[in-house]
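To be precise, the following lines are upload-v3.txt, and they hold compact mmCIF, C-alpha atoms.
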```txt
# COMPACT_ATOMS: atom_id res chain seq x y z
CA MET A 499 -4.85 16.88 11.22
CA ALA A 500 -3.48 14.33 13.67
CA GLU A 501 -0.54 14.98 15.99
CA LYS A 502 2.52 12.92 15.08
CA LYS A 503 5.44 12.28 17.37
CA ILE A 504 8.56 10.64 15.93
CA VAL A 505 9.86 8.28 18.60
CA TYR A 506 12.45 6.39 16.58
CA GLN A 507 14.18 7.98 13.64
CA ASP A 508 16.67 7.28 10.86
CA LYS A 509 17.99 3.90 11.91
CA PHE A 510 19.78 2.22 9.02
CA ILE A 511 20.72 -1.23 7.83
CA ALA A 512 23.07 -1.52 4.87
CA PHE A 513 23.67 -4.90 3.28
CA GLU A 514 25.50 -6.15 0.23
CA GLY A 515 25.33 -9.72 -0.97
CA LEU A 516 22.86 -12.45 -1.78
CA PHE A 517 19.26 -12.57 -0.57
CA ASN A 518 15.81 -13.73 -1.60
CA LEU A 519 13.79 -10.55 -1.99
CA LYS A 520 10.35 -12.16 -2.30
CA ASP A 521 10.96 -14.12 0.87
CA LEU A 522 12.32 -11.07 2.68
CA PHE A 523 9.28 -9.03 1.74
CA ARG A 524 6.96 -11.83 2.84
CA THR A 525 8.84 -12.16 6.13
CA ILE A 526 8.39 -8.45 6.84
CA VAL A 527 4.69 -8.49 5.95
CA LYS A 528 4.08 -11.68 7.96
CA TRP A 529 5.93 -10.22 10.97
CA PHE A 530 3.63 -7.20 10.99
CA ASN A 531 0.48 -9.27 10.37
CA GLU A 532 1.29 -11.45 13.38
CA ARG A 533 1.54 -8.38 15.61
CA GLY A 534 -1.76 -6.92 14.50
CA TYR A 535 -0.47 -4.26 12.16
CA ASP A 536 -2.28 -3.34 8.96
CA MET A 537 -0.03 -2.98 5.98
CA PHE A 538 0.14 0.15 3.89
CA GLU A 539 2.56 0.16 1.00
CA ASN A 540 3.20 3.76 0.09
CA LYS A 541 5.65 3.07 -2.74
CA ASN A 542 6.73 0.09 -4.77
CA TYR A 543 8.94 1.01 -7.71
CA GLU A 544 10.92 -1.41 -9.84
CA GLU A 545 13.16 -0.46 -12.75
CA VAL A 546 14.88 -2.96 -14.99
CA TYR A 547 18.15 -1.88 -16.61
CA GLU A 548 20.69 -3.80 -18.64
CA ASP A 549 23.14 -4.00 -15.75
CA GLY A 550 20.62 -4.86 -13.05
CA LYS A 551 17.37 -3.94 -11.32
CA LYS A 552 16.62 -1.06 -8.99
CA ILE A 553 13.80 -1.50 -6.49
CA ILE A 554 12.44 1.05 -4.05
CA PHE A 555 9.65 0.32 -1.66
CA GLU A 556 8.20 2.10 1.34
CA LEU A 557 6.04 0.27 3.84
CA ILE A 558 4.08 2.10 6.51
CA PRO A 559 2.38 -0.57 8.61
CA TYR A 560 0.06 0.90 11.24
CA LYS A 561 -1.87 -0.31 14.25
CA LYS A 562 -4.84 1.52 15.77
CA VAL A 563 -4.46 0.59 19.44
CA SER A 564 -7.42 2.74 20.47
CA ASP A 565 -9.66 5.38 18.96
CA TYR A 566 -7.02 7.96 19.95
CA TYR A 567 -3.62 6.32 19.44
CA LYS A 568 -2.16 4.86 16.27
CA LEU A 569 1.30 3.29 15.95
CA GLU A 570 3.11 3.64 12.62
CA ILE A 571 6.44 2.18 11.57
CA ARG A 572 7.96 3.37 8.32
CA ILE A 573 10.40 1.15 6.45
CA PHE A 574 12.03 2.68 3.39
CA VAL A 575 14.17 0.34 1.32
CA VAL A 576 16.35 0.90 -1.73
CA PHE A 577 17.86 -2.06 -3.61
CA GLU A 578 20.43 -1.31 -6.31
CA ASN A 579 22.37 -3.24 -8.95
CA LEU A 580 20.31 -6.37 -8.42
CA LYS A 581 21.26 -9.35 -10.57
CA GLU A 582 19.70 -12.80 -10.56
CA VAL A 583 21.97 -15.57 -9.40
CA ASP A 584 21.23 -19.32 -9.29
CA VAL A 585 22.58 -20.87 -6.12
CA GLU A 586 22.37 -24.37 -4.67
CA LEU A 587 21.37 -24.30 -0.98
CA HIS A 588 21.16 -27.61 0.92
CA GLY A 589 20.81 -29.46 -2.37
CA VAL A 590 17.99 -27.22 -3.63
CA LYS A 591 18.52 -24.80 -6.50
CA GLN A 592 17.26 -21.35 -5.67
CA ARG A 593 17.12 -18.12 -7.57
CA LEU A 594 18.53 -15.34 -5.43
CA LEU A 595 19.34 -11.70 -6.05
CA LYS A 596 22.76 -10.18 -5.59
CA GLY A 597 23.11 -6.50 -4.92
CA SER A 598 23.04 -3.82 -2.28
CA ALA A 599 20.19 -2.98 0.09
CA ASN A 600 19.66 0.05 2.30
CA PHE A 601 16.91 0.05 4.91
CA THR A 602 15.72 3.11 6.87
CA PHE A 603 13.45 2.74 9.89
CA ASP A 604 11.25 5.36 11.56
CA ALA A 605 8.49 4.99 14.12
CA ILE A 606 5.74 7.53 14.64
CA LEU A 607 3.10 7.75 17.37
CA VAL A 608 -0.07 9.37 16.00
CA THR A 609 -2.61 10.80 18.42
CA ASP A 610 -6.13 11.90 17.65
CA TYR A 611 -5.93 10.33 14.18
CA GLU A 612 -9.69 10.81 13.70
CA GLY A 613 -9.33 14.56 14.20
CA ARG A 614 -12.02 14.81 16.84
CA TRP A 615 -10.15 17.09 19.21
CA GLU A 616 -9.01 19.78 16.81
CA THR A 617 -12.26 21.11 15.37
CA ARG A 618 -12.25 23.97 17.86
CA PRO A 619 -9.45 25.81 19.69
CA ALA A 620 -11.02 24.93 23.07
CA TYR A 621 -11.00 21.20 22.23
CA TYR A 622 -7.36 21.46 21.16
CA PHE A 623 -6.53 23.13 24.47
CA TYR A 624 -8.31 20.44 26.52
CA ARG A 625 -6.55 17.74 24.52
CA ALA A 626 -3.14 19.30 25.15
CA LEU A 627 -3.83 19.45 28.91
CA ILE A 628 -5.15 15.90 29.08
CA ASP A 629 -2.26 14.55 27.00
CA LYS A 630 0.26 16.27 29.22
CA PHE A 631 -1.14 15.51 32.66
CA ILE A 632 -3.70 12.75 32.55
CA TYR A 633 -2.87 10.50 29.58
CA LYS A 634 0.90 10.75 29.95
CA SER A 635 1.24 7.18 31.19
CA TYR A 636 -0.66 5.82 28.17
CA THR A 637 1.43 7.88 25.77
CA ASP A 638 4.66 6.67 27.38
CA ARG A 639 3.43 3.08 27.26
CA TYR A 640 2.57 3.25 23.57
CA GLU A 641 5.82 5.01 22.75
CA ALA A 642 7.76 2.24 24.46
CA GLU A 643 5.74 -0.40 22.60
CA LEU A 644 6.39 1.33 19.29
CA VAL A 645 10.14 1.62 19.85
CA LYS A 646 10.26 -2.04 20.91
CA ASP A 647 8.41 -3.13 17.75
CA ALA A 648 10.63 -0.98 15.53
CA LYS A 649 13.80 -2.48 17.08
CA GLU A 650 12.43 -6.00 16.80
CA VAL A 651 11.58 -5.69 13.12
CA GLN A 652 15.03 -4.26 12.52
CA GLU A 653 16.60 -7.29 14.24
CA GLU A 654 14.34 -9.64 12.30
CA ILE A 655 15.48 -8.17 8.98
CA LYS A 656 19.13 -8.25 10.05
CA ALA A 657 18.79 -11.88 11.10
CA TYR A 658 17.18 -12.78 7.77
CA LEU A 659 19.92 -11.08 5.73
CA ASN A 660 22.70 -12.61 7.83
CA MET A 661 21.20 -16.02 7.22
CA PHE A 662 22.36 -15.82 3.60
CA ARG A 663 25.74 -14.41 4.55
CA TYR A 664 26.69 -17.51 6.51
CA VAL A 665 24.93 -20.20 4.49
CA VAL A 666 26.09 -19.25 1.00
CA MET B 1053 -10.63 13.39 -1.34
CA ALA B 1054 -13.54 11.70 0.43
CA LYS B 1055 -16.69 13.74 0.98
CA PHE B 1056 -18.86 13.51 4.10
CA GLY B 1057 -20.24 9.98 4.37
CA GLU B 1058 -17.45 8.55 2.20
CA TYR B 1059 -14.49 6.67 3.63
CA ASP B 1060 -11.13 6.51 1.88
CA LEU B 1061 -9.60 3.07 2.33
CA PHE B 1062 -6.02 4.28 2.10
CA PRO B 1063 -4.39 7.51 3.31
CA ALA B 1064 -2.82 7.80 -0.15
CA PRO B 1065 -3.40 5.74 -3.33
CA LEU B 1066 -1.51 2.44 -3.60
CA LYS B 1067 1.24 3.10 -6.12
CA LEU B 1068 3.22 0.67 -8.22
CA ARG B 1069 5.87 1.72 -10.70
CA TYR B 1070 7.67 -0.59 -13.03
CA LYS B 1071 10.18 -0.02 -15.81
CA GLY B 1072 10.92 -2.77 -18.29
CA TYR B 1073 8.97 -5.18 -20.46
CA PHE B 1074 5.38 -6.05 -19.64
CA ASP B 1075 2.20 -7.30 -21.25
CA TRP B 1076 0.04 -4.17 -21.35
CA GLY B 1077 -2.99 -5.84 -22.91
CA GLY B 1078 -2.83 -8.67 -20.39
CA LEU B 1079 -2.59 -6.25 -17.46
CA TYR B 1080 -5.56 -4.24 -18.71
CA ARG B 1081 -7.61 -7.42 -19.10
CA LEU B 1082 -6.52 -8.68 -15.67
CA ILE B 1083 -7.89 -5.63 -13.90
CA TRP B 1084 -11.05 -5.51 -16.00
CA GLN B 1085 -11.72 -9.19 -15.22
CA TRP B 1086 -11.01 -8.56 -11.52
CA PHE B 1087 -13.82 -6.01 -11.48
CA LEU B 1088 -16.22 -8.17 -13.47
CA LYS B 1089 -15.63 -11.27 -11.31
CA ARG B 1090 -16.61 -9.26 -8.24
CA GLN B 1091 -19.71 -7.93 -10.03
CA PHE B 1092 -18.60 -4.34 -10.14
CA ARG B 1093 -20.01 -2.10 -12.86
CA VAL B 1094 -16.91 -1.00 -14.73
CA HIS B 1095 -16.43 2.32 -16.46
CA GLU B 1096 -13.50 3.68 -18.38
CA LYS B 1097 -13.37 7.37 -17.59
CA ARG B 1098 -10.37 8.21 -19.77
CA TYR B 1099 -8.17 6.61 -22.38
CA LYS B 1100 -5.58 9.12 -23.49
CA ASP B 1101 -2.90 8.00 -25.91
CA LYS B 1102 -0.21 10.42 -27.03
CA ILE B 1103 1.44 8.57 -29.87
CA ASP B 1104 4.87 8.96 -31.38
CA THR B 1105 6.35 11.42 -28.92
CA ALA B 1106 10.15 11.75 -28.90
CA LEU B 1107 10.68 8.89 -26.41
CA GLY B 1108 7.67 6.73 -27.22
CA ASN B 1109 3.95 6.64 -26.54
CA GLU B 1110 2.37 8.11 -23.44
CA LEU B 1111 -0.86 6.53 -22.21
CA GLU B 1112 -3.21 7.54 -19.42
CA VAL B 1113 -6.11 5.28 -18.62
CA ASP B 1114 -8.64 5.73 -15.78
CA VAL B 1115 -10.86 2.79 -14.97
CA TRP B 1116 -13.30 2.71 -12.08
CA GLY B 1117 -15.79 0.20 -10.76
CA GLU B 1118 -18.74 0.57 -8.39
CA LYS B 1119 -20.95 -1.92 -6.61
CA GLU B 1120 -23.97 -1.46 -4.33
CA ILE B 1121 -23.61 -3.74 -1.34
CA THR B 1122 -26.77 -2.85 0.61
CA GLU B 1123 -29.27 -0.02 0.38
CA TYR B 1124 -26.86 2.04 2.52
CA TYR B 1125 -23.35 1.00 1.44
CA LYS B 1126 -21.59 1.19 -1.90
CA TYR B 1127 -18.00 0.37 -2.88
CA ARG B 1128 -15.98 2.19 -5.46
CA ALA B 1129 -12.49 1.35 -6.70
CA ASP B 1130 -10.41 3.48 -9.07
CA VAL B 1131 -7.43 2.21 -11.03
CA HIS B 1132 -5.30 4.73 -12.85
CA TYR B 1133 -2.56 3.72 -15.30
CA HIS B 1134 0.07 6.00 -16.66
CA LEU B 1135 2.59 4.75 -19.22
CA TRP B 1136 5.60 6.70 -20.43
CA GLU B 1137 8.22 6.06 -23.14
CA SER B 1138 6.26 3.01 -24.20
CA ARG B 1139 6.62 1.12 -27.42
CA GLU B 1140 5.71 -2.37 -28.56
CA VAL B 1141 8.75 -4.53 -29.15
CA PRO B 1142 9.15 -8.20 -30.08
CA VAL B 1143 10.46 -10.31 -27.21
CA MET B 1144 11.33 -14.01 -26.95
CA GLU B 1145 9.28 -15.70 -24.22
CA ASN B 1146 9.41 -19.45 -23.66
CA GLY B 1147 10.88 -19.92 -27.12
CA LYS B 1148 8.13 -17.95 -28.85
CA GLN B 1149 8.28 -14.43 -30.17
CA VAL B 1150 5.61 -12.18 -28.63
CA MET B 1151 4.95 -8.45 -28.65
CA ARG B 1152 5.47 -6.75 -25.33
CA MET B 1153 5.32 -3.13 -24.18
CA GLN B 1154 8.64 -1.64 -23.18
CA GLY B 1155 8.59 1.47 -21.04
CA ARG B 1156 7.57 2.81 -17.66
CA ILE B 1157 4.22 2.19 -16.05
CA GLU B 1158 2.63 3.57 -12.91
CA VAL B 1159 -0.53 1.98 -11.50
CA ARG B 1160 -2.48 3.77 -8.78
CA ILE B 1161 -5.32 2.13 -6.87
CA GLU B 1162 -7.86 3.96 -4.72
CA GLY B 1163 -10.84 2.65 -2.82
CA LEU B 1164 -13.89 4.28 -1.31
CA VAL B 1165 -16.74 3.05 0.89
CA ILE B 1166 -19.77 5.27 0.32
CA THR B 1167 -22.61 5.44 2.83
CA ASP B 1168 -26.12 6.63 2.01
CA TRP B 1169 -25.48 6.29 -1.74
CA GLN B 1170 -29.19 6.75 -2.39
CA GLY B 1171 -29.06 10.25 -0.90
CA ARG B 1172 -31.78 9.73 1.66
CA TYR B 1173 -30.18 12.24 4.01
CA LYS B 1174 -30.13 15.56 2.18
CA GLU B 1175 -26.87 17.53 2.27
CA ASP B 1176 -28.62 20.90 2.64
CA ASN B 1177 -30.78 19.82 5.62
CA THR B 1178 -29.04 20.31 8.99
CA VAL B 1179 -31.17 17.74 10.80
CA HIS B 1180 -30.47 15.13 8.11
CA LYS B 1181 -26.77 15.90 8.27
CA LEU B 1182 -26.70 15.49 12.05
CA MET B 1183 -28.68 12.26 11.84
CA LYS B 1184 -26.29 10.85 9.22
CA MET B 1185 -23.26 11.93 11.27
CA PHE B 1186 -24.68 10.25 14.38
CA LEU B 1187 -25.46 7.11 12.42
CA ASN B 1188 -22.00 6.87 10.81
CA LYS B 1189 -19.89 7.93 13.77
CA VAL B 1190 -21.75 6.30 16.66
CA VAL B 1191 -24.28 3.67 15.69
CA LEU B 1192 -22.65 2.14 12.61
CA LYS B 1193 -18.99 2.98 13.33
CA ASN B 1194 -17.88 -0.58 14.09
CA GLU B 1195 -19.95 -2.04 11.27
CA ILE B 1196 -18.46 0.39 8.74
CA GLU B 1197 -14.90 -0.34 9.85
CA ILE B 1198 -15.07 -4.08 10.44
CA LYS B 1199 -17.65 -5.27 7.91
CA HIS B 1200 -16.90 -2.91 5.05
CA ILE B 1201 -13.64 -0.96 5.18
CA ASP B 1202 -11.40 -3.83 6.33
CA PRO B 1203 -12.57 -6.51 3.85
CA PHE B 1204 -12.59 -4.10 0.91
CA ASP B 1205 -9.12 -2.87 1.91
CA LYS B 1206 -7.86 -6.48 1.92
CA ASP B 1207 -9.51 -7.11 -1.45
CA LEU B 1208 -7.77 -4.15 -3.04
CA HIS B 1209 -4.46 -5.26 -1.54
CA ARG B 1210 -5.06 -8.64 -3.19
CA LEU B 1211 -5.61 -6.84 -6.49
CA GLU B 1212 -2.31 -5.04 -5.94
CA ALA B 1213 -0.63 -8.39 -5.24
CA GLU B 1214 -2.07 -9.84 -8.48
CA ILE B 1215 -0.75 -6.89 -10.45
CA LYS B 1216 2.69 -7.34 -8.89
CA LYS B 1217 2.64 -11.05 -9.73
CA PHE B 1218 1.63 -10.29 -13.31
CA LEU B 1219 4.41 -7.73 -13.74
CA LYS B 1220 6.80 -10.12 -11.96
CA ILE B 1221 7.69 -7.47 -9.40
CA GLU B 1222 10.12 -8.82 -6.81
CA ALA B 1223 8.67 -7.09 -3.72
CA ASP B 1224 5.54 -9.17 -3.72
CA ALA B 1225 3.84 -10.41 -0.56
CA SER B 1226 1.20 -12.60 -2.24
CA GLY B 1227 0.44 -15.63 -0.15
CA VAL B 1228 0.77 -13.79 3.18
CA GLY B 1229 -2.27 -12.80 5.27
```
Could I get this structure in the form of structure tokens?
Amino acid sequence: MAEKKIVYQDKFIAFEGLFNLKDLFRTIVKWFNERGYDMFENKNYEEVYEDGKKIIFELIPYKKVSDYYKLEIRIFVVFENLKEVDVELHGVKQRLLKGSANFTFDAILVTDYEGRWETRPAYYFYRALIDKFIYKSYTDRYEAELVKDAKEVQEEIKAYLNMFRYVV
Amino acid sequence: MAKFGEYDLFPAPLKLRYKGYFDWGGLYRLIWQWFLKRQFRVHEKRYKDKIDTALGNELEVDVWGEKEITEYYKYRADVHYHLWESREVPVMENGKQVMRMQGRIEVRIEGLVITDWQGRYKEDNTVHKLMKMFLNKVVLKNEIEIKHIDPFDKDLHRLEAEIKKFLKIEADASGVG
């Protein structure tokens, strides 16, 4: 079992208004692809009711920076009361969704994700010592990179949602 | 759970859940055709249909496909459907009346890369086990990850994207990557 350290936890974005969900999802996936993350979609639930749609999805993009460190960012999103709305933007008719969205961001640094250093108690002990005294600079560097990426993706999503707030 | 010499593509199965109207027959055919186009041998492990329960029909279908890539590598993909509260209802689509399934559906996709599918290295022989471990973890590590796990992972994500497109799920990243 790998060691997981949560470096960025429970940061929220709440939004209510118009947005293009397909485009938003593609923007998030493209953002992570460009930074070398592999996408893992843990959940993708959609329920259609008479008064609107409810969508829940959880993305856990990850990046294996070495054979010891793995960066994971978890984005959990709940969309509620979504209704389709036809809007004209810059002379082009678009189909947007109107409703509320709640995003939760977490970032986790995973060490020894291959489980090589936990098969014996002695290996676990050596790993703890090396992590604490020798590899500390690498751990700090990757933690900082992970927090930076998590903040950037949060800003990217905020910027995308605000785009519709001021245009429509 | 992957055994020794088998590599799970995903830490947990890819899950999609949808509630509403959908074309069940079309979805079933889509996935079957996906396997056949990629020359997988397809098997249907289970087709369980509980009819006329209080809320509707409950269906559980397990389909899996396998394909030998080389004499050492084999791919296996499992698709599991579970439908609840399902019933066929007439729906107007593009001006025509068609029958569609109304209810809840969950689709789970799992993938596996299997090494030494011919069983050349015997499980009960320690020397064979050590040789296979050395081969998989040292000699062929990069080849397994880059040539086999990554492309098959991307392929199954494309299948997931096709299913989302078919069910008209909003959170769909098809066309990216």
Open item on the list: Taking all atoms listed in the file into account and nothing else, which residues of chain B lie no more than 10 Å away from chain A? Please answer as a PyMOL selection string.
Closed with: chain B and resi 1062-1073+1155-1158+1202+1205-1206+1209+1212+1216+1219-1229
Task: Among the residues B:Lys1174, B:Pro1203, B:Arg1093, B:Glu1197, the one that comes closest to Asp565 in chain A [using only C-alpha atoms] - done: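 So, comparing all the options, the nearest one is B:Glu1197.
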Task: Residue with smallest distance to His1132 in chain B - pool B:Asp1104, B:Arg1098, B:Met1151, B:Glu1145, counting only C-alpha atoms - done: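 Smallest separation from His1132 in chain B among the options: B:Arg1098.
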- [ ] Find the residues with any atom within 9 Å of (8.0, 11.4, 17.2); use only C-alpha atoms and the coordinates as given in the file, and write the answer as a PyMOL selection string.
- [x] chain A and resi 502-507+604-608+641
Task: Pairwise distance for CA of Lys1184 in chain B and CA of Val563 in chain A, rounded to one decimal in Å - done: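 If I compute the distance from CA of Lys1184 in chain B to CA of Val563 in chain A, I get 26.2 Å.
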